[in-house]
Amino acid sequence: MARRPIGQGLRRAVQPVWRWLLGGVAIALVMLQVTGPVAAIQPTQQALTPPLLPIINGQTELLWYGQAAFRITTPSGKVILIDPWLQNPLNANGAEDLANLDRADLILITHGHNDHVGDAKAIAERTKAPLVSTFDLGRALAATGGYPGDLVDFNYQGNFGGEIPLLDGEVKVAFIPAVHSSAIATDGSPAAYAGNPGGFVISVKDGPRIYHTGDTDLFADMSYISQFGKIDWMLACIGGKFTMGPERAAEAVKLVNPSVVVPMHFGVFSLPGTPEQFAAALRSQGVAAQLRIMGVDEPVMI
Ligand SMILES: [Zn+2]
């Protein structure tokens with residue numbers, strides 16, 4: 001009988017353990033290489049349904065009033081309004097919301113159309129919030145829209161490609177072009193030139209970076225926006241007819257590549273595009289961003 005080498009039995013016993021350990025290490029290395037370190041911690045998140053929305057630090061509040069009107073409240077409590085048409089047909093509490101709005105620190109307006117200027121004049125008169133807009137739109141609103149001239153200040157104006165720090169550096173607002181039109185039409189008067197239409201990227205310090213498209217069609221240069229900072233939340237018009245509809249908006253989301261997309265500018269003026277069609281378009285076009293359909297007047301911490 002051949003003599004068994006010393007330790008052979010022990011090696012046989014240990015081999016399966018080593019194979020198992022080495023196999024585990026190999027799988028971990030492959031996971032890291034293919035999908036990055038984040039993939040290793042994702043199974044916990046994936047087990048929860050619905051999927052968790054990416055939260056930046058949970059201290060910035062986003063609220064949708066309907067149409068293109070949003071309110072952002074920063075971690076320090078500053079209030080930024082965008083295209084504040086609070087009394088739009090989707091908002092059953094529009095008149096109350098307007099009456100109760102006792103604070104605004106900035107009013108951002110993307111272009112001169114009524115459904116975007118909305119209640120800005122009344123809010124500005126009450127809160128004394130300065131207007132953030134292009135130079136041309138600010139001039140036009142003061143000259144022909146009845147906007148308080150003392151709240152149209154050069155320090156709060158810019159133009160496309162530019163970015164301005166505001167609220168003592170707590171936010172930065174970048175001016176983004178849009179493919180649309182812009183004019184101010186007061187009742188019974190011919191429309192007045194109001195500069196070129198746009199959107200905004202609002203970067204909150206230690207918080208989210210939010211892209212509000214304004215009214216626009218899809219345009220290829222949207223793909224450059226995130227090269228200057230990842231967009232966390234994209235607020236995208238989807239209604240069609242006067243802006244991009246669901247299919248084109250889904251393509252726009254693909255170009256911007258945000259973490260989350262919120263549909264807006266639908267459900268009024270018989271606009272044909274719906275959030276359901278948008279959801280289907282995002283799915284069929286394989287868009288990675290998470291869809292968040294916000295309820296009117298329902299705040300979300302992001
Ligand atoms: Zn418009």
# chains A, B, ... in the order shown; residues from 1 in each chain; ligands from 1
$ select_by_dssp --residues "segment 50-189 of chain A" --states "alpha helix (DSSP H)" --output "list of chain:residue names"
A:Gly94, A:Ala95, A:Glu96, A:Asp97, A:Leu98, A:Ala99, A:Asn100, A:Asn114, A:Asp115, A:His116, A:Val117, A:Ala120, A:Lys121, A:Ala122, A:Ile123, A:Ala124, A:Glu125, A:Arg126, A:Thr127, A:Phe135, A:Asp136, A:Leu137, A:Gly138, A:Arg139, A:Ala140, A:Leu141, A:Ala142, A:Ala143, A:Thr144
$ residues_near_ligand --ligand "ligand 1" --cutoff "9 Å" --atoms "only C-alpha atoms and all ligand atoms" --output "compact mmCIF listing (two decimals) with C-alpha atoms, in the first residue's frame"
# COMPACT_ATOMS: atom_id res chain seq x y z
CA THR A 110 -38.48 81.02 -18.50
CA HIS A 111 -40.35 83.08 -21.14
CA GLY A 112 -43.13 85.57 -21.60
CA HIS A 113 -46.18 83.39 -22.23
CA ASN A 114 -49.10 83.81 -19.83
CA ASP A 115 -49.02 80.27 -18.48
CA HIS A 116 -45.45 80.87 -17.27
CA HIS A 180 -39.81 77.72 -28.46
CA SER A 181 -40.94 81.36 -28.71
CA SER A 182 -41.39 84.16 -26.22
CA ALA A 183 -43.72 87.13 -26.25
CA PRO A 197 -37.20 81.45 -24.40
CA GLY A 214 -39.21 75.62 -19.77
CA ASP A 215 -41.27 75.13 -22.90
CA THR A 216 -39.17 73.49 -25.56
CA PHE A 242 -46.86 73.73 -28.07
CA THR A 243 -43.85 71.77 -26.78
$ atom_distance --atom1 "atom CA of Asn88 of chain A" --atom2 "atom CA of Met264 of chain A"
12.5 Å
$ closest_residue --among "A:Glu163, A:Asp187, A:Glu96, A:Glu251" --to "Met222 of chain A" --atoms "only C-alpha atoms"
A:Glu251
$ select_by_dssp --residues "segment 92-155 of chain A" --states "strand (DSSP E or B)" --output "PDB file with C-alpha atoms, in the first residue's frame"
ATOM      1  CA  LEU A 106     -36.435  84.521  -6.145  1.00  0.00           C
ATOM      2  CA  ILE A 107     -38.906  84.321  -9.025  1.00  0.00           C
ATOM      3  CA  LEU A 108     -37.527  82.571 -12.107  1.00  0.00           C
ATOM      4  CA  LEU A 131     -36.954  88.422 -10.929  1.00  0.00           C
ATOM      5  CA  VAL A 132     -34.416  86.000 -12.397  1.00  0.00           C
ATOM      6  CA  SER A 133     -34.672  85.998 -16.178  1.00  0.00           C
ATOM      7  CA  THR A 134     -32.894  86.993 -19.320  1.00  0.00           C
TER       8      THR A 134
END
$ closest_residue --among "A:Ile56, A:Ile225, A:Ala122, A:Ala192" --to "Leu86 of chain A" --atoms "only C-alpha atoms"
A:Ala122
$ closest_residue --among "A:Leu141, A:Leu271, A:Ala250, A:Leu62" --to "Gly286 of chain A" --atoms "only C-alpha atoms"
A:Ala250
$ closest_residue --among "A:Ile302, A:Trp85, A:Pro275, A:Gln290" --to "Gly58 of chain A" --atoms "only C-alpha atoms"
A:Ile302
$ residues_around --residues "Arg71 of chain A" --least-positions-apart "5" --cutoff "7 Å" --atoms "only C-alpha atoms" --output "list in words"
Leu62, Leu63, Trp64, Val79, Ile80, Leu81 and Ile82 of chain A
$ atom_distance --atom1 "atom CA of Arg126 of chain A" --atom2 "atom CA of Ala174 of chain A"
25.9 Å
$ atom_distance --atom1 "atom CA of Asp83 of chain A" --atom2 "atom CA of Gln67 of chain A"
8.8 Å
$ closest_residue --among "A:Pro258, A:Gly66, A:Gly118, A:Pro130" --to "Glu298 of chain A" --atoms "only C-alpha atoms"
A:Gly66
$ residues_around --residues "His212 of chain A" --least-positions-apart "6" --cutoff "6 Å" --atoms "only C-alpha atoms" --output "ChimeraX atom specification"
/A:199-200,235
